[in-house]
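Dumped model_39.csv below, it's CSV, C-alpha atoms:
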chain,number,residue,atom,x,y,z
A,120,MET,CA,1.9,-12.8,-10.1
A,121,ARG,CA,-1.6,-12.4,-11.4
A,122,SER,CA,-1.9,-11.9,-15.1
A,123,ASP,CA,-3.6,-8.8,-16.4
A,124,THR,CA,-6.5,-10.9,-17.7
A,125,TYR,CA,-7.2,-12.5,-14.3
A,126,ALA,CA,-9.5,-10.3,-12.1
A,127,PRO,CA,-9.7,-11.7,-8.6
A,128,THR,CA,-12.9,-11.6,-6.7
A,129,THR,CA,-11.1,-10.3,-3.6
A,130,TYR,CA,-8.3,-7.8,-3.7
A,131,ARG,CA,-5.2,-8.5,-1.6
A,132,ILE,CA,-3.4,-5.7,0.2
A,133,LEU,CA,-0.2,-5.8,2.3
A,134,ILE,CA,-0.1,-3.2,5.1
A,135,GLY,CA,3.6,-2.7,6.1
A,136,LYS,CA,5.5,-0.9,8.8
A,137,PRO,CA,9.0,-0.3,7.5
A,138,GLY,CA,11.9,1.0,9.5
A,139,LEU,CA,12.3,1.5,13.2
A,140,ASP,CA,8.9,3.2,13.9
A,141,GLY,CA,7.1,1.3,16.7
A,142,HIS,CA,3.7,3.0,16.4
A,143,ASP,CA,1.2,0.9,14.6
A,144,ARG,CA,-2.2,2.0,15.6
A,145,GLY,CA,-2.9,3.8,12.3
A,146,ALA,CA,-1.7,0.9,10.3
A,147,LYS,CA,-4.0,-1.4,12.2
A,148,VAL,CA,-6.9,0.9,11.8
A,149,VAL,CA,-6.4,1.0,8.0
A,150,ALA,CA,-5.9,-2.8,7.9
A,151,ARG,CA,-9.1,-3.4,9.8
A,152,ALA,CA,-11.1,-0.9,7.7
A,153,LEU,CA,-9.9,-2.5,4.5
A,154,ARG,CA,-10.7,-6.0,5.9
A,155,ASP,CA,-14.2,-4.8,6.9
A,156,ALA,CA,-14.7,-3.4,3.4
A,157,GLY,CA,-14.0,-6.9,2.0
A,158,PHE,CA,-10.3,-6.8,1.1
A,159,GLU,CA,-8.0,-9.6,2.1
A,160,VAL,CA,-5.3,-7.9,4.2
A,161,ILE,CA,-1.9,-9.1,5.3
A,162,TYR,CA,-0.3,-7.1,8.1
A,163,SER,CA,3.5,-7.3,8.2
A,164,GLY,CA,4.1,-6.4,11.8
A,165,LEU,CA,6.6,-3.8,13.0
A,166,HIS,CA,10.2,-3.1,12.0
A,167,GLN,CA,10.2,-4.6,8.5
A,168,THR,CA,12.8,-3.8,5.9
A,169,PRO,CA,11.8,-2.7,2.4
A,170,GLU,CA,13.3,-5.9,1.1
A,171,ALA,CA,11.2,-8.1,3.4
A,172,LEU,CA,8.0,-6.2,2.5
A,173,VAL,CA,8.6,-6.6,-1.2
A,174,GLN,CA,9.3,-10.3,-0.8
A,175,THR,CA,6.2,-10.7,1.3
A,176,ALA,CA,4.2,-8.8,-1.3
A,177,ILE,CA,5.4,-11.0,-4.1
A,178,GLN,CA,4.9,-14.3,-2.2
A,179,GLU,CA,1.4,-13.2,-1.1
A,180,ASP,CA,0.5,-12.1,-4.6
A,181,VAL,CA,-0.9,-8.8,-3.4
A,182,ASP,CA,-2.4,-6.0,-5.5
A,183,GLY,CA,-1.0,-3.2,-3.4
A,184,ILE,CA,1.2,-2.3,-0.5
A,185,GLY,CA,0.1,0.3,2.1
A,186,LEU,CA,3.1,1.7,4.1
A,187,SER,CA,2.7,3.5,7.4
A,188,ILE,CA,5.6,5.6,8.5
A,189,LEU,CA,5.7,8.0,11.4
A,190,SER,CA,9.5,8.1,11.9
A,191,GLY,CA,10.3,10.7,9.3
A,192,ALA,CA,12.0,8.1,7.1
A,193,HIS,CA,9.3,8.2,4.4
A,194,ASN,CA,11.6,9.9,1.8
A,195,THR,CA,13.9,6.9,1.9
A,196,LEU,CA,11.7,4.0,2.7
A,197,MET,CA,8.7,4.5,0.4
A,198,PRO,CA,10.8,5.1,-2.8
A,199,ARG,CA,13.0,2.1,-1.9
A,200,VAL,CA,9.9,-0.2,-1.8
A,201,VAL,CA,8.8,1.1,-5.2
A,202,GLU,CA,12.4,0.7,-6.6
A,203,LEU,CA,12.6,-2.9,-5.3
A,204,LEU,CA,9.2,-3.8,-6.8
A,205,ARG,CA,10.5,-2.5,-10.2
A,206,ASP,CA,13.8,-4.5,-9.7
A,207,GLU,CA,11.8,-7.7,-9.1
A,208,GLY,CA,9.5,-7.1,-12.1
A,209,ALA,CA,6.6,-6.6,-9.7
A,210,ASP,CA,5.8,-3.0,-10.6
A,211,ASP,CA,2.1,-4.0,-11.1
A,212,ILE,CA,1.9,-3.8,-7.3
A,213,PHE,CA,1.0,-0.3,-6.4
A,214,VAL,CA,2.3,1.5,-3.3
A,215,PHE,CA,0.4,3.9,-1.1
A,216,GLY,CA,1.3,5.4,2.2
A,217,GLY,CA,0.4,7.3,5.2
A,218,GLY,CA,1.7,8.8,8.4
A,219,ILE,CA,3.3,12.0,9.5
A,220,ILE,CA,4.4,13.3,6.1
A,221,PRO,CA,4.8,17.0,5.4
A,222,ASP,CA,2.8,18.3,2.5
A,223,ASP,CA,6.1,19.5,0.9
A,224,ASP,CA,7.3,15.9,0.6
A,225,ILE,CA,4.2,14.5,-1.1
A,226,PRO,CA,5.1,15.6,-4.7
A,227,GLN,CA,8.5,14.0,-4.4
A,228,LEU,CA,7.1,10.7,-3.1
A,229,LYS,CA,4.5,10.6,-6.0
A,230,ALA,CA,7.3,11.4,-8.5
A,231,ALA,CA,9.1,8.4,-7.1
A,232,GLY,CA,6.1,6.2,-7.9
A,233,VAL,CA,4.1,6.2,-4.7
A,234,ALA,CA,0.5,6.2,-5.9
A,235,GLU,CA,-1.1,8.2,-3.0
A,236,ILE,CA,-0.3,9.6,0.4
A,237,PHE,CA,-2.8,9.9,3.2
A,238,THR,CA,-2.0,12.2,6.1
A,239,PRO,CA,-3.5,12.1,9.7
A,240,GLY,CA,-7.2,12.7,9.8
A,241,THR,CA,-7.9,11.1,6.4
A,242,ALA,CA,-11.2,9.2,6.6
A,243,THR,CA,-10.8,5.5,6.2
A,244,SER,CA,-13.6,5.6,3.6
A,245,THR,CA,-11.3,7.8,1.5
A,246,ILE,CA,-8.5,5.2,1.7
A,247,ILE,CA,-10.9,2.4,0.9
A,248,ASP,CA,-12.2,4.2,-2.1
A,249,PHE,CA,-8.7,4.9,-3.4
A,250,VAL,CA,-7.5,1.3,-2.9
A,251,ARG,CA,-10.7,-0.2,-4.5
A,252,GLY,CA,-10.5,2.3,-7.4
A,253,THR,CA,-6.9,1.6,-8.0
A,254,CYS,CA,-7.5,-2.2,-8.0
A,255,ASP,CA,-10.5,-1.9,-10.2
A,256,LYS,CA,-8.4,0.1,-12.7
A,257,LYS,CA,-5.6,-2.5,-12.5
A,258,TYR,CA,-8.0,-5.2,-13.7
A,259,GLY,CA,-10.0,-3.0,-16.1
A,260,ARG,CA,-13.2,-2.9,-14.1
A,261,SER,CA,-15.2,0.2,-14.8
A,262,ASP,CA,-17.4,0.2,-11.8
A,263,SER,CA,-16.5,-0.6,-8.3
A,264,GLY,CA,-18.2,-3.5,-6.7
A,265,ASP,CA,-16.9,-5.8,-4.0
A,266,PRO,CA,-13.1,-5.9,-3.8

What is this structure when it is put down as structure tokens?
Amino acid sequence: MRSDTYAPTTYRILIGKPGLDGHDRGAKVVARALRDAGFEVIYSGLHQTPEALVQTAIQEDVDGIGLSILSGAHNTLMPRVVELLRDEGADDIFVFGGGIIPDDDIPQLKAAGVAEIFTPGTATSTIIDFVRGTCDKKYGRSDSGDP
């Protein structure tokens, strides 16, 4: 994993589709928006396990993982990814998510370590700003430039 003193010129983000959900349009829209904003994006494809996503994140040396879940399994899958990252000593990788997630579930997900949740209708610029800001903070950058 990257050391805290190493600040990459391009941030790396894994976009993952955990579980049985087969709808990936939103994940692809976010992946493309991040790519177009200068991020290096790895897309996992459909039907990934939390374990596979965490292993991919570690192997690809990503800065963050974006999870897209429309199946209703967010309260299980998102905290599991955070837990596995901690177990692997990779808790410097932040997790954010989106999908059909009830407002009442968001505080519980954040308490479990999910950095942010984006619901349908969120502008991609909002997601980009969050991811860039979180990466900048991770590497001690005070102003946001290119990812």

Would you tabulate, counting all atoms listed in the file, all residues of region 193-236 of chain A that have an atom at most 12 Å from an atom of region 165-169 of chain A, showing the closest pair of atoms and their distance in Å to one decimal, sorted by chain then ascending number, as a tab-separated table?
residue	atom	partner	partner_atom	distance
A:His193	CA	A:Pro169	CA	11.4
A:Thr195	CA	A:Pro169	CA	9.8
A:Leu196	CA	A:Pro169	CA	6.7
A:Met197	CA	A:Pro169	CA	8.1
A:Pro198	CA	A:Pro169	CA	9.4
A:Arg199	CA	A:Pro169	CA	6.6
A:Val200	CA	A:Pro169	CA	5.2
A:Val201	CA	A:Pro169	CA	9.0
A:Glu202	CA	A:Pro169	CA	9.6
A:Leu203	CA	A:Pro169	CA	7.7
A:Leu204	CA	A:Pro169	CA	9.6
A:Val214	CA	A:Pro169	CA	11.8

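Nearest residue to Cys254 (chain A), choosing from A:Ala150, A:Ile220, A:Ile212, A:Leu133 and counting all atoms listed in the file: A:Ile212.
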
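The gap separating CA of Gly157 (chain A) from CA of Tyr130 (chain A) is 8.1 Å, in Å to one decimal.
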
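With all atoms listed in the file as the atoms that count, the residue of A:Thr238, A:Val181, A:Ile132, A:Pro137 with the shortest distance to Ala152 (chain A) is A:Ile132.
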
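Rounded to one decimal, CA of Asp248 (chain A) and CA of Glu207 (chain A) lie 27.7 Å from each other.
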
I'd like the interatomic distance between CA of Ala171 (chain A) and CA of Lys136 (chain A), to a tenth of an Å. 10.7 Å

Which residues, written as a PyMOL selection string, have at least one atom at most 10 Å from region 223-225 of chain A, with only C-alpha atoms counted and residues fewer than 2 positions away on the same chain left out? chain A and resi 193-194+220-221+227-231+233+235-238

Those residues you just picked out, can you put them in a file as a PDB file, in the frame of the given file with C-alpha atoms?
ATOM      1  CA  HIS A 193       9.300   8.200   4.400  1.00  0.00           C
ATOM      2  CA  ASN A 194      11.600   9.900   1.800  1.00  0.00           C
ATOM      3  CA  ILE A 220       4.400  13.300   6.100  1.00  0.00           C
ATOM      4  CA  PRO A 221       4.800  17.000   5.400  1.00  0.00           C
ATOM      5  CA  GLN A 227       8.500  14.000  -4.400  1.00  0.00           C
ATOM      6  CA  LEU A 228       7.100  10.700  -3.100  1.00  0.00           C
ATOM      7  CA  LYS A 229       4.500  10.600  -6.000  1.00  0.00           C
ATOM      8  CA  ALA A 230       7.300  11.400  -8.500  1.00  0.00           C
ATOM      9  CA  ALA A 231       9.100   8.400  -7.100  1.00  0.00           C
ATOM     10  CA  VAL A 233       4.100   6.200  -4.700  1.00  0.00           C
ATOM     11  CA  GLU A 235      -1.100   8.200  -3.000  1.00  0.00           C
ATOM     12  CA  ILE A 236      -0.300   9.600   0.400  1.00  0.00           C
ATOM     13  CA  PHE A 237      -2.800   9.900   3.200  1.00  0.00           C
ATOM     14  CA  THR A 238      -2.000  12.200   6.100  1.00  0.00           C
TER      15      THR A 238
END

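The smallest atom-to-atom distance between Gly216 (chain A) and any of A:Glu159, A:Gly252, A:Lys147, A:Ala234, using only C-alpha atoms, is found for A:Ala234.
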
As a list of chain:residue names, please: the residues near Val250 (chain A) (cut-off 10 Å, all atoms listed in the file, same-chain neighbours under 3 positions excluded). A:Tyr130, A:Ile132, A:Leu153, A:Phe158, A:Asp182, A:Gly183, A:Ile184, A:Gly185, A:Phe213, A:Val214, A:Phe215, A:Ala234, A:Glu235, A:Ser244, A:Thr245, A:Ile246, A:Ile247, A:Thr253, A:Cys254, A:Asp255, A:Lys256, A:Pro266

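Between Glu179 (chain A) and the residues A:Asp210, A:Ala192, A:Ser163, A:Val148, the shortest atom-to-atom distance, using only C-alpha atoms, involves A:Ser163.
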
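Nearest residue to Val173 (chain A) among A:Arg260, A:Gly135, A:Pro239, A:Gly217 is A:Gly135, counting all atoms listed in the file.
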
Find the axis-aligned box for region 246-260 of chain A, covering all its listed atoms and adding 5 Å on each side, and write its centre and edge lengths in Å to one decimal as AutoDock Vina command-line options.
--center_x -9.4 --center_y 0.0 --center_z -7.2 --size_x 17.6 --size_y 20.4 --size_z 27.8

Using only C-alpha atoms: which of A:Asp206, A:Val149, A:Asp180, A:Pro226 has the shortest distance to Pro127 (chain A): A:Asp180

Your completed region 213-248 of chain A with N, CA and C atoms, as a PDB file, in the frame of the given file:
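And here's rebuild_36.pdb as it stands now:
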ATOM      1  N   PHE A 213       0.895  -1.697  -6.693  1.00  0.00           N
ATOM      2  CA  PHE A 213       1.000  -0.300  -6.400  1.00  0.00           C
ATOM      3  C   PHE A 213       1.276  -0.044  -4.916  1.00  0.00           C
ATOM      4  N   VAL A 214       1.851   1.117  -4.631  1.00  0.00           N
ATOM      5  CA  VAL A 214       2.300   1.500  -3.300  1.00  0.00           C
ATOM      6  C   VAL A 214       1.534   2.759  -2.887  1.00  0.00           C
ATOM      7  N   PHE A 215       0.948   2.740  -1.701  1.00  0.00           N
ATOM      8  CA  PHE A 215       0.400   3.900  -1.100  1.00  0.00           C
ATOM      9  C   PHE A 215       0.861   4.054   0.302  1.00  0.00           C
ATOM     10  N   GLY A 216       0.767   5.237   0.880  1.00  0.00           N
ATOM     11  CA  GLY A 216       1.300   5.400   2.200  1.00  0.00           C
ATOM     12  C   GLY A 216       0.603   6.413   3.038  1.00  0.00           C
ATOM     13  N   GLY A 217       0.959   6.399   4.301  1.00  0.00           N
ATOM     14  CA  GLY A 217       0.400   7.300   5.200  1.00  0.00           C
ATOM     15  C   GLY A 217       1.287   7.514   6.431  1.00  0.00           C
ATOM     16  N   GLY A 218       0.945   8.522   7.209  1.00  0.00           N
ATOM     17  CA  GLY A 218       1.700   8.800   8.400  1.00  0.00           C
ATOM     18  C   GLY A 218       1.949  10.301   8.538  1.00  0.00           C
ATOM     19  N   ILE A 219       2.948  10.629   9.322  1.00  0.00           N
ATOM     20  CA  ILE A 219       3.300  12.000   9.500  1.00  0.00           C
ATOM     21  C   ILE A 219       4.231  12.428   8.382  1.00  0.00           C
ATOM     22  N   ILE A 220       3.618  12.925   7.323  1.00  0.00           N
ATOM     23  CA  ILE A 220       4.400  13.300   6.100  1.00  0.00           C
ATOM     24  C   ILE A 220       4.057  14.701   5.741  1.00  0.00           C
ATOM     25  N   PRO A 221       5.074  15.560   5.749  1.00  0.00           N
ATOM     26  CA  PRO A 221       4.800  17.000   5.400  1.00  0.00           C
ATOM     27  C   PRO A 221       4.309  17.123   3.987  1.00  0.00           C
ATOM     28  N   ASP A 222       3.415  18.067   3.808  1.00  0.00           N
ATOM     29  CA  ASP A 222       2.800  18.300   2.500  1.00  0.00           C
ATOM     30  C   ASP A 222       3.913  18.566   1.431  1.00  0.00           C
ATOM     31  N   ASP A 223       5.019  19.210   1.824  1.00  0.00           N
ATOM     32  CA  ASP A 223       6.100  19.500   0.900  1.00  0.00           C
ATOM     33  C   ASP A 223       6.779  18.245   0.346  1.00  0.00           C
ATOM     34  N   ASP A 224       6.679  17.127   1.067  1.00  0.00           N
ATOM     35  CA  ASP A 224       7.300  15.900   0.600  1.00  0.00           C
ATOM     36  C   ASP A 224       6.453  15.041  -0.283  1.00  0.00           C
ATOM     37  N   ILE A 225       5.169  15.310  -0.317  1.00  0.00           N
ATOM     38  CA  ILE A 225       4.200  14.500  -1.100  1.00  0.00           C
ATOM     39  C   ILE A 225       4.537  14.473  -2.579  1.00  0.00           C
ATOM     40  N   PRO A 226       4.783  15.613  -3.229  1.00  0.00           N
ATOM     41  CA  PRO A 226       5.100  15.600  -4.700  1.00  0.00           C
ATOM     42  C   PRO A 226       6.315  14.711  -5.001  1.00  0.00           C
ATOM     43  N   GLN A 227       7.332  14.780  -4.163  1.00  0.00           N
ATOM     44  CA  GLN A 227       8.500  14.000  -4.400  1.00  0.00           C
ATOM     45  C   GLN A 227       8.233  12.492  -4.260  1.00  0.00           C
ATOM     46  N   LEU A 228       7.422  12.122  -3.305  1.00  0.00           N
ATOM     47  CA  LEU A 228       7.100  10.700  -3.100  1.00  0.00           C
ATOM     48  C   LEU A 228       6.242  10.215  -4.321  1.00  0.00           C
ATOM     49  N   LYS A 229       5.319  11.030  -4.790  1.00  0.00           N
ATOM     50  CA  LYS A 229       4.500  10.600  -6.000  1.00  0.00           C
ATOM     51  C   LYS A 229       5.386  10.534  -7.207  1.00  0.00           C
ATOM     52  N   ALA A 230       6.346  11.435  -7.355  1.00  0.00           N
ATOM     53  CA  ALA A 230       7.300  11.400  -8.500  1.00  0.00           C
ATOM     54  C   ALA A 230       8.111  10.103  -8.451  1.00  0.00           C
ATOM     55  N   ALA A 231       8.352   9.593  -7.253  1.00  0.00           N
ATOM     56  CA  ALA A 231       9.100   8.400  -7.100  1.00  0.00           C
ATOM     57  C   ALA A 231       8.287   7.111  -7.318  1.00  0.00           C
ATOM     58  N   GLY A 232       6.981   7.294  -7.535  1.00  0.00           N
ATOM     59  CA  GLY A 232       6.100   6.200  -7.900  1.00  0.00           C
ATOM     60  C   GLY A 232       5.148   5.748  -6.789  1.00  0.00           C
ATOM     61  N   VAL A 233       5.079   6.495  -5.685  1.00  0.00           N
ATOM     62  CA  VAL A 233       4.100   6.200  -4.700  1.00  0.00           C
ATOM     63  C   VAL A 233       2.738   6.731  -5.198  1.00  0.00           C
ATOM     64  N   ALA A 234       1.742   5.864  -5.244  1.00  0.00           N
ATOM     65  CA  ALA A 234       0.500   6.200  -5.900  1.00  0.00           C
ATOM     66  C   ALA A 234      -0.308   7.285  -5.145  1.00  0.00           C
ATOM     67  N   GLU A 235      -0.297   7.213  -3.815  1.00  0.00           N
ATOM     68  CA  GLU A 235      -1.100   8.200  -3.000  1.00  0.00           C
ATOM     69  C   GLU A 235      -0.496   8.237  -1.613  1.00  0.00           C
ATOM     70  N   ILE A 236      -0.652   9.395  -0.995  1.00  0.00           N
ATOM     71  CA  ILE A 236      -0.300   9.600   0.400  1.00  0.00           C
ATOM     72  C   ILE A 236      -1.462  10.097   1.168  1.00  0.00           C
ATOM     73  N   PHE A 237      -1.687   9.485   2.327  1.00  0.00           N
ATOM     74  CA  PHE A 237      -2.800   9.900   3.200  1.00  0.00           C
ATOM     75  C   PHE A 237      -2.180  10.380   4.516  1.00  0.00           C
ATOM     76  N   THR A 238      -2.584  11.569   4.896  1.00  0.00           N
ATOM     77  CA  THR A 238      -2.000  12.200   6.100  1.00  0.00           C
ATOM     78  C   THR A 238      -3.024  12.005   7.268  1.00  0.00           C
ATOM     79  N   PRO A 239      -2.588  12.304   8.489  1.00  0.00           N
ATOM     80  CA  PRO A 239      -3.500  12.100   9.700  1.00  0.00           C
ATOM     81  C   PRO A 239      -4.809  12.833   9.467  1.00  0.00           C
ATOM     82  N   GLY A 240      -5.851  12.157   9.886  1.00  0.00           N
ATOM     83  CA  GLY A 240      -7.200  12.700   9.800  1.00  0.00           C
ATOM     84  C   GLY A 240      -7.947  12.283   8.541  1.00  0.00           C
ATOM     85  N   THR A 241      -7.265  11.596   7.623  1.00  0.00           N
ATOM     86  CA  THR A 241      -7.900  11.100   6.400  1.00  0.00           C
ATOM     87  C   THR A 241      -8.982  10.059   6.829  1.00  0.00           C
ATOM     88  N   ALA A 242     -10.178  10.184   6.305  1.00  0.00           N
ATOM     89  CA  ALA A 242     -11.200   9.200   6.600  1.00  0.00           C
ATOM     90  C   ALA A 242     -10.844   7.851   6.002  1.00  0.00           C
ATOM     91  N   THR A 243     -11.125   6.785   6.740  1.00  0.00           N
ATOM     92  CA  THR A 243     -10.800   5.500   6.200  1.00  0.00           C
ATOM     93  C   THR A 243     -11.612   5.187   4.927  1.00  0.00           C
ATOM     94  N   SER A 244     -12.785   5.780   4.793  1.00  0.00           N
ATOM     95  CA  SER A 244     -13.600   5.600   3.600  1.00  0.00           C
ATOM     96  C   SER A 244     -12.828   6.158   2.351  1.00  0.00           C
ATOM     97  N   THR A 245     -12.072   7.219   2.536  1.00  0.00           N
ATOM     98  CA  THR A 245     -11.300   7.800   1.500  1.00  0.00           C
ATOM     99  C   THR A 245     -10.183   6.818   1.029  1.00  0.00           C
ATOM    100  N   ILE A 246      -9.540   6.197   1.997  1.00  0.00           N
ATOM    101  CA  ILE A 246      -8.500   5.200   1.700  1.00  0.00           C
ATOM    102  C   ILE A 246      -9.083   4.008   1.001  1.00  0.00           C
ATOM    103  N   ILE A 247     -10.204   3.513   1.515  1.00  0.00           N
ATOM    104  CA  ILE A 247     -10.900   2.400   0.900  1.00  0.00           C
ATOM    105  C   ILE A 247     -11.249   2.669  -0.539  1.00  0.00           C
ATOM    106  N   ASP A 248     -11.839   3.833  -0.783  1.00  0.00           N
ATOM    107  CA  ASP A 248     -12.200   4.200  -2.100  1.00  0.00           C
ATOM    108  C   ASP A 248     -11.027   4.283  -3.070  1.00  0.00           C
TER     109      ASP A 248
END
